[in-house]
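Dropping input-v6.csv in here (CSV, C-alpha atoms):
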```csv
chain,number,residue,atom,x,y,z
A,1,MET,CA,148.4,93.9,91.7
A,2,PRO,CA,149.5,94.0,88.1
A,3,ASN,CA,153.2,93.8,87.4
A,4,ALA,CA,155.2,96.7,85.9
A,5,LEU,CA,155.0,95.3,82.3
A,6,GLU,CA,151.3,94.8,82.5
A,7,GLN,CA,150.8,98.3,83.9
A,8,LEU,CA,153.0,99.7,81.1
A,9,LEU,CA,151.2,97.9,78.3
A,10,LEU,CA,147.7,98.1,79.7
A,11,PRO,CA,147.6,100.9,82.3
A,12,ALA,CA,144.7,100.7,84.7
A,13,GLU,CA,142.0,103.4,84.6
A,14,CYS,CA,140.0,105.1,87.3
A,15,LEU,CA,136.4,103.7,87.0
A,16,LEU,CA,135.0,107.2,87.8
A,17,CYS,CA,137.0,109.7,85.8
A,18,ARG,CA,138.8,107.3,83.4
A,19,GLY,CA,142.1,108.9,84.3
A,20,LEU,CA,145.2,106.6,84.2
A,21,LEU,CA,146.2,105.2,87.6
A,22,SER,CA,149.8,105.3,88.6
A,23,PHE,CA,151.7,102.1,89.2
A,24,ALA,CA,151.4,102.7,93.0
A,25,ASP,CA,147.6,102.8,92.6
A,26,ALA,CA,147.2,100.1,90.0
A,27,ASP,CA,145.4,97.8,92.4
A,28,ARG,CA,142.8,100.5,93.2
A,29,THR,CA,139.7,101.2,91.2
A,30,VAL,CA,139.4,104.9,92.0
A,31,CYS,CA,142.2,107.4,91.5
A,32,PRO,CA,143.5,109.6,94.4
A,33,VAL,CA,141.9,112.7,92.9
A,34,CYS,CA,138.4,111.2,92.9
A,35,ARG,CA,138.9,109.7,96.4
A,36,HIS,CA,140.0,113.1,97.6
A,37,ARG,CA,136.6,114.5,96.6
A,38,TRP,CA,134.9,112.3,99.1
A,39,ARG,CA,134.2,114.5,102.1
A,40,PRO,CA,134.3,112.4,105.3
A,41,VAL,CA,131.6,112.5,107.9
A,42,LEU,CA,133.2,113.8,111.1
A,43,PRO,CA,132.1,114.4,114.7
A,44,PRO,CA,130.5,116.0,116.6
A,45,TRP,CA,127.5,113.7,115.9
A,46,CYS,CA,124.8,111.8,117.6
A,47,GLU,CA,126.5,108.9,119.3
A,48,ARG,CA,123.7,106.5,118.1
A,49,CYS,CA,122.9,107.4,114.6
A,50,GLY,CA,126.0,109.4,113.5
A,51,GLN,CA,124.0,112.4,112.3
A,52,PRO,CA,125.5,115.9,113.1
A,53,GLU,CA,124.4,117.0,116.5
A,54,PRO,CA,121.2,119.2,116.5
A,55,LEU,CA,121.5,122.7,117.6
A,56,PHE,CA,118.8,122.4,120.2
A,57,GLY,CA,117.5,119.3,122.1
A,58,GLY,CA,118.1,115.6,121.5
A,59,CYS,CA,118.5,113.9,118.1
A,60,ARG,CA,115.0,113.2,116.6
A,61,LEU,CA,116.3,111.1,113.7
A,62,CYS,CA,116.9,108.0,115.7
A,63,ALA,CA,114.3,108.5,118.4
A,64,ASP,CA,111.9,105.9,117.0
A,65,TRP,CA,114.4,103.3,116.1
A,66,PRO,CA,114.2,99.8,117.6
A,67,ALA,CA,116.3,99.5,120.7
A,68,THR,CA,118.4,96.7,119.0
A,69,LEU,CA,119.9,99.2,116.5
A,70,ARG,CA,122.6,100.7,118.7
A,71,ARG,CA,125.0,102.6,116.5
A,72,VAL,CA,125.3,103.7,112.8
A,73,ARG,CA,128.3,105.3,111.1
A,74,SER,CA,128.9,106.5,107.6
A,75,ALA,CA,132.2,107.2,105.8
A,76,VAL,CA,131.5,110.2,103.6
A,77,TRP,CA,128.8,112.6,102.6
A,78,LEU,CA,126.7,111.8,99.5
A,79,GLU,CA,127.7,114.7,97.3
A,80,GLY,CA,129.9,115.3,94.3
A,81,GLY,CA,132.3,112.4,93.7
A,82,ALA,CA,130.7,110.2,96.3
A,83,ARG,CA,127.3,110.4,94.6
A,84,GLU,CA,128.9,109.5,91.3
A,85,ALA,CA,130.6,106.5,92.9
A,86,VAL,CA,127.4,105.2,94.4
A,87,HIS,CA,125.5,105.7,91.1
A,88,ALA,CA,128.3,103.9,89.2
A,89,LEU,CA,128.2,101.0,91.7
A,90,LYS,CA,124.4,100.7,91.7
A,91,TYR,CA,123.4,101.6,88.1
A,92,ALA,CA,126.4,101.3,85.8
A,93,GLY,CA,127.5,97.7,86.7
A,94,ARG,CA,130.8,99.0,88.3
A,95,ALA,CA,130.8,96.2,90.9
A,96,ARG,CA,134.6,96.6,91.4
A,97,LEU,CA,134.1,100.0,92.9
A,98,ALA,CA,133.0,98.2,96.1
A,99,ASP,CA,136.6,97.6,97.0
A,100,ASP,CA,137.5,101.3,97.2
A,101,LEU,CA,134.2,102.3,98.8
A,102,ALA,CA,134.8,99.6,101.4
A,103,ALA,CA,138.3,101.0,102.0
A,104,ALA,CA,136.7,104.3,102.9
A,105,MET,CA,134.2,102.5,105.2
A,106,SER,CA,136.8,100.4,107.0
A,107,GLY,CA,137.9,103.3,109.2
A,108,ALA,CA,134.4,103.5,110.7
A,109,MET,CA,134.8,100.4,113.0
A,110,LEU,CA,134.3,101.5,116.6
A,111,ARG,CA,134.1,100.0,120.1
A,112,GLY,CA,131.7,97.0,120.2
A,113,TRP,CA,132.3,95.9,116.6
A,114,ASP,CA,135.2,93.6,117.3
A,115,ASP,CA,133.4,90.2,117.2
A,116,ALA,CA,130.5,91.3,114.9
A,117,VAL,CA,129.6,89.6,111.6
A,118,LEU,CA,128.5,91.5,108.5
A,119,VAL,CA,124.9,91.4,107.2
A,120,PRO,CA,124.2,93.1,103.8
A,121,VAL,CA,120.9,94.8,103.4
A,122,PRO,CA,119.2,92.8,100.6
A,123,LEU,CA,117.6,94.0,97.4
A,124,GLY,CA,114.2,93.1,96.2
A,125,PRO,CA,113.9,90.4,93.6
A,126,ALA,CA,113.2,92.8,90.7
A,127,ARG,CA,116.1,95.1,91.4
A,128,LEU,CA,118.4,92.2,91.9
A,129,ARG,CA,117.5,90.8,88.5
A,130,GLN,CA,117.9,94.3,86.9
A,131,ARG,CA,121.3,95.0,88.5
A,132,GLY,CA,122.7,91.5,88.5
A,133,TYR,CA,124.2,91.9,92.0
A,134,ASN,CA,123.4,93.5,95.3
A,135,GLN,CA,125.7,96.5,95.8
A,136,SER,CA,125.4,96.2,99.6
A,137,GLU,CA,126.5,92.5,99.5
A,138,ARG,CA,129.6,93.5,97.4
A,139,LEU,CA,130.4,96.2,100.0
A,140,ALA,CA,130.0,93.7,102.8
A,141,GLN,CA,132.2,91.1,101.1
A,142,ALA,CA,134.9,93.8,100.6
A,143,LEU,CA,134.7,94.9,104.2
A,144,GLY,CA,134.8,91.3,105.4
A,145,ARG,CA,138.1,90.9,103.6
A,146,ARG,CA,139.5,94.0,105.2
A,147,TRP,CA,138.1,93.4,108.7
A,148,LYS,CA,138.7,89.6,108.5
A,149,ARG,CA,135.2,88.6,109.5
A,150,SER,CA,132.3,86.7,108.1
A,151,VAL,CA,129.5,87.9,105.9
A,152,VAL,CA,126.1,86.3,106.7
A,153,ASP,CA,123.2,86.5,104.3
A,154,LEU,CA,120.7,86.6,107.1
A,155,LEU,CA,118.0,88.9,105.7
A,156,VAL,CA,115.7,88.7,102.7
A,157,ARG,CA,113.6,91.5,101.3
A,158,VAL,CA,110.1,90.0,100.8
A,159,ARG,CA,108.8,92.7,98.5
A,160,ASP,CA,110.2,95.4,96.2
A,161,THR,CA,109.9,98.9,97.6
A,162,GLY,CA,109.6,102.1,95.6
A,163,THR,CA,112.4,104.6,95.4
A,164,GLN,CA,112.8,106.7,98.5
A,165,THR,CA,114.6,109.7,97.0
A,166,ALA,CA,111.8,112.3,97.3
A,167,LEU,CA,109.9,110.9,100.3
A,168,THR,CA,109.6,112.5,103.7
A,169,PRO,CA,110.9,110.6,106.7
A,170,ALA,CA,107.4,109.4,107.6
A,171,ALA,CA,106.8,108.2,104.0
A,172,ARG,CA,110.1,106.4,104.0
A,173,ARG,CA,109.2,104.5,107.2
A,174,ALA,CA,105.8,103.5,105.6
A,175,ASN,CA,107.5,102.5,102.3
A,176,VAL,CA,109.8,99.9,104.0
A,177,ALA,CA,107.5,98.7,106.8
A,178,GLY,CA,107.4,94.9,106.8
A,179,ALA,CA,109.8,94.7,103.8
A,180,PHE,CA,112.3,92.4,105.5
A,181,GLU,CA,112.4,88.9,107.0
A,182,THR,CA,115.1,86.8,108.5
A,183,ARG,CA,116.0,83.3,107.3
A,184,ASN,CA,115.2,80.5,109.8
A,185,VAL,CA,118.6,79.8,111.2
A,186,GLU,CA,117.9,76.1,111.8
A,187,ARG,CA,116.0,75.1,108.7
A,188,GLY,CA,117.2,77.5,106.1
A,189,THR,CA,113.7,78.9,105.5
A,190,ARG,CA,112.2,82.4,105.9
A,191,ASN,CA,110.7,83.1,109.2
A,192,GLY,CA,107.0,83.1,108.9
A,193,ARG,CA,107.1,81.2,105.6
A,194,PRO,CA,107.8,77.5,106.5
A,195,GLY,CA,106.9,76.3,103.0
A,196,GLU,CA,109.5,78.5,101.3
A,197,CYS,CA,112.9,76.8,101.4
A,198,SER,CA,116.3,78.2,100.9
A,199,ALA,CA,119.7,76.5,100.7
A,200,PHE,CA,121.1,78.9,103.3
A,201,ARG,CA,122.2,77.7,106.7
A,202,VAL,CA,123.7,79.6,109.6
A,203,PRO,CA,124.3,78.4,113.2
A,204,SER,CA,121.9,79.8,115.8
A,205,SER,CA,124.9,81.1,117.7
A,206,ALA,CA,125.1,83.8,115.1
A,207,LEU,CA,122.0,85.4,116.6
A,208,GLU,CA,123.9,85.9,119.8
A,209,GLN,CA,126.7,87.9,118.2
A,210,PRO,CA,126.5,91.6,117.3
A,211,LEU,CA,125.6,92.0,113.7
A,212,ILE,CA,126.7,94.9,111.4
A,213,LEU,CA,124.2,95.9,108.7
A,214,VAL,CA,126.0,97.1,105.6
A,215,ASP,CA,124.4,99.4,103.0
A,216,ASP,CA,125.5,102.0,100.5
A,217,VAL,CA,123.6,105.1,101.5
A,218,PHE,CA,122.1,106.4,104.8
A,219,THR,CA,119.4,109.1,104.5
A,220,THR,CA,117.0,108.9,107.4
A,221,GLY,CA,117.9,105.4,108.6
A,222,SER,CA,114.4,104.0,107.9
A,223,THR,CA,115.8,101.0,105.9
A,224,LEU,CA,118.3,100.1,108.5
A,225,ALA,CA,115.8,100.5,111.3
A,226,GLU,CA,113.3,98.2,109.5
A,227,ALA,CA,116.0,95.6,108.8
A,228,ALA,CA,117.0,95.8,112.5
A,229,ARG,CA,113.4,95.2,113.5
A,230,ALA,CA,113.4,92.0,111.5
A,231,LEU,CA,116.6,90.9,113.2
A,232,GLU,CA,115.2,91.8,116.6
A,233,ARG,CA,112.1,89.6,116.0
A,234,ALA,CA,114.5,86.7,115.2
A,235,GLY,CA,116.2,87.2,118.6
A,236,VAL,CA,119.2,89.3,117.7
A,237,ILE,CA,120.3,91.5,120.7
A,238,THR,CA,122.7,94.0,119.1
A,239,VAL,CA,122.6,95.5,115.6
A,240,LEU,CA,125.2,98.0,114.4
A,241,ALA,CA,125.4,99.5,110.9
A,242,VAL,CA,127.9,101.1,108.5
A,243,THR,CA,127.3,102.8,105.2
A,244,PHE,CA,129.6,104.3,102.6
A,245,SER,CA,127.7,107.6,102.3
A,246,ARG,CA,125.2,109.8,104.1
A,247,ALA,CA,122.8,112.1,102.4
A,248,VAL,CA,122.4,115.7,103.6
A,249,LEU,CA,118.8,115.8,104.7
A,250,PRO,CA,116.5,118.4,103.2
A,251,ASP,CA,114.2,120.4,105.3
A,252,PHE,CA,111.0,118.4,105.7
A,253,SER,CA,109.4,120.8,108.1
```

Same coordinates, now as structure tokens:
Amino acid sequence: MPNALEQLLLPAECLLCRGLLSFADADRTVCPVCRHRWRPVLPPWCERCGQPEPLFGGCRLCADWPATLRRVRSAVWLEGGAREAVHALKYAGRARLADDLAAAMSGAMLRGWDDAVLVPVPLGPARLRQRGYNQSERLAQALGRRWKRSVVDLLVRVRDTGTQTALTPAARRANVAGAFETRNVERGTRNGRPGECSAFRVPSSALEQPLILVDDVFTTGSTLAEAARALERAGVITVLAVTFSRAVLPDFS
């Protein structure tokens, strides 16, 4: 946190509205006004996927998810200021925003998350080159500091996928099908690609722990479900997930 003289001479600005931060908020990246605009996702919700409970029948959103993906929670709705925050983190190079977004996500930890490690959802190679960093990895690192747990780079995205913004749920599932692989925990290679080496190493005991997928936005859950399938193929038993924001689903009927 900057000292009083630094704050007086070089007052910190909110990375969203450019308003000056008070001395009490000088270690934050988003001012209280902007944070107040983030509308939290609150129950009642589907206990598995965190989507608001349907008026009739069971939840259809998570009906086809792999059994390994047990629970997903999101901090706020993707609207107004939250949308601006996500766009600034992803497209404007505002990587420091991950700290305040993670602060909002940190309250989502529920029963069964105590001994879990964090796994960021990876970007494809082209988008990673374009952005310079993976926003989900930055969120996972910030959460790891708050929750005092490890971040494990266990997944790779083997191909770039098109934007999912205007796709139906079925088209989203098809778009990400087969997009993820896990790294071989013993050799540091991608599963299914023995000739492709990586410097990454992780003990195989990590596969026996619950894993928490970390991402920025939840829409239909197709990306998280596909990532969980890759982890399931590697032998992971329990996958949980947390995102900063959750999109309000359009009517695809």

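You can rank A:Ala247, A:Leu16, A:Ala75, A:Val119 by their closest distance to Val151 in chain A using all atoms listed in the file, and at the top of that list sits A:Val119.
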
Worksheet item: Which residue out of A:Glu208, A:Asp160, A:Asp27, A:Glu181 has the minimum interatomic distance to Val117 in chain A when all atoms listed in the file are used?
Response: A:Glu208

Fill in: Atomic distance CA of Ala177 in chain A - CA of Ala142 in chain A, expressed in Å with one decimal
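It comes out at 28.5 Å.
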
Response to the item:
As a check of understanding: the span from CA of Val239 in chain A to CA of Arg70 in chain A is 6.1 Å

Item to complete: Have a look at A:Thr182, A:Ser222, A:Gln209, A:Thr29 and name the one nearest to Ala103 in chain A; count all atoms listed in the file.
Response: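 Selected residue with least distance to Ala103 in chain A: A:Thr29.
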
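Proximity to Ala104 in chain A was assessed for A:Arg48, A:Arg35, A:Arg129, A:Arg18 counting only C-alpha atoms; the smallest distance is recorded for A:Arg35.
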
Item to complete: One decimal, Å: what's the distance from CA of Gly58 in chain A over to CA of Ser74 in chain A, could you say?
Response: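 If I compute the distance from CA of Gly58 in chain A to CA of Ser74 in chain A, I get 19.8 Å.
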
Worksheet item: Which residue gives the smallest distance to Pro210 in chain A among A:Cys62, A:Ala102, A:Leu69, A:Ile237, with only C-alpha atoms counted?
Response: A:Ile237

Item to complete: Measuring atom to atom with all atoms listed in the file, identify which of A:Leu78, A:Leu139, A:Leu123, A:Cys46 is nearest to Ala227 in chain A.
Response: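 Of A:Leu78, A:Leu139, A:Leu123, A:Cys46, the one nearest Ala227 in chain A is A:Leu123, counting all atoms listed in the file.
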
Practice prompt. Go ahead and find all residues with at least one atom no further than 12 Å from (132.0, 98.4, 113.5) in the file's coordinates, using all atoms listed in the file; report them as a ChimeraX atom specification.
Written response: /A:70-75,105-119,140,143-144,147,149,210-214,238-243

Export of the given selection (C-alpha atoms) as an mmCIF file, in the frame of the given file:
```
data_model
loop_
_atom_site.group_PDB
_atom_site.id
_atom_site.type_symbol
_atom_site.label_atom_id
_atom_site.label_comp_id
_atom_site.auth_asym_id
_atom_site.auth_seq_id
_atom_site.Cartn_x
_atom_site.Cartn_y
_atom_site.Cartn_z
ATOM 1 C CA ARG A 70 122.600 100.700 118.700
ATOM 2 C CA ARG A 71 125.000 102.600 116.500
ATOM 3 C CA VAL A 72 125.300 103.700 112.800
ATOM 4 C CA ARG A 73 128.300 105.300 111.100
ATOM 5 C CA SER A 74 128.900 106.500 107.600
ATOM 6 C CA ALA A 75 132.200 107.200 105.800
ATOM 7 C CA MET A 105 134.200 102.500 105.200
ATOM 8 C CA SER A 106 136.800 100.400 107.000
ATOM 9 C CA GLY A 107 137.900 103.300 109.200
ATOM 10 C CA ALA A 108 134.400 103.500 110.700
ATOM 11 C CA MET A 109 134.800 100.400 113.000
ATOM 12 C CA LEU A 110 134.300 101.500 116.600
ATOM 13 C CA ARG A 111 134.100 100.000 120.100
ATOM 14 C CA GLY A 112 131.700 97.000 120.200
ATOM 15 C CA TRP A 113 132.300 95.900 116.600
ATOM 16 C CA ASP A 114 135.200 93.600 117.300
ATOM 17 C CA ASP A 115 133.400 90.200 117.200
ATOM 18 C CA ALA A 116 130.500 91.300 114.900
ATOM 19 C CA VAL A 117 129.600 89.600 111.600
ATOM 20 C CA LEU A 118 128.500 91.500 108.500
ATOM 21 C CA VAL A 119 124.900 91.400 107.200
ATOM 22 C CA ALA A 140 130.000 93.700 102.800
ATOM 23 C CA LEU A 143 134.700 94.900 104.200
ATOM 24 C CA GLY A 144 134.800 91.300 105.400
ATOM 25 C CA TRP A 147 138.100 93.400 108.700
ATOM 26 C CA ARG A 149 135.200 88.600 109.500
ATOM 27 C CA PRO A 210 126.500 91.600 117.300
ATOM 28 C CA LEU A 211 125.600 92.000 113.700
ATOM 29 C CA ILE A 212 126.700 94.900 111.400
ATOM 30 C CA LEU A 213 124.200 95.900 108.700
ATOM 31 C CA VAL A 214 126.000 97.100 105.600
ATOM 32 C CA THR A 238 122.700 94.000 119.100
ATOM 33 C CA VAL A 239 122.600 95.500 115.600
ATOM 34 C CA LEU A 240 125.200 98.000 114.400
ATOM 35 C CA ALA A 241 125.400 99.500 110.900
ATOM 36 C CA VAL A 242 127.900 101.100 108.500
ATOM 37 C CA THR A 243 127.300 102.800 105.200
#
```
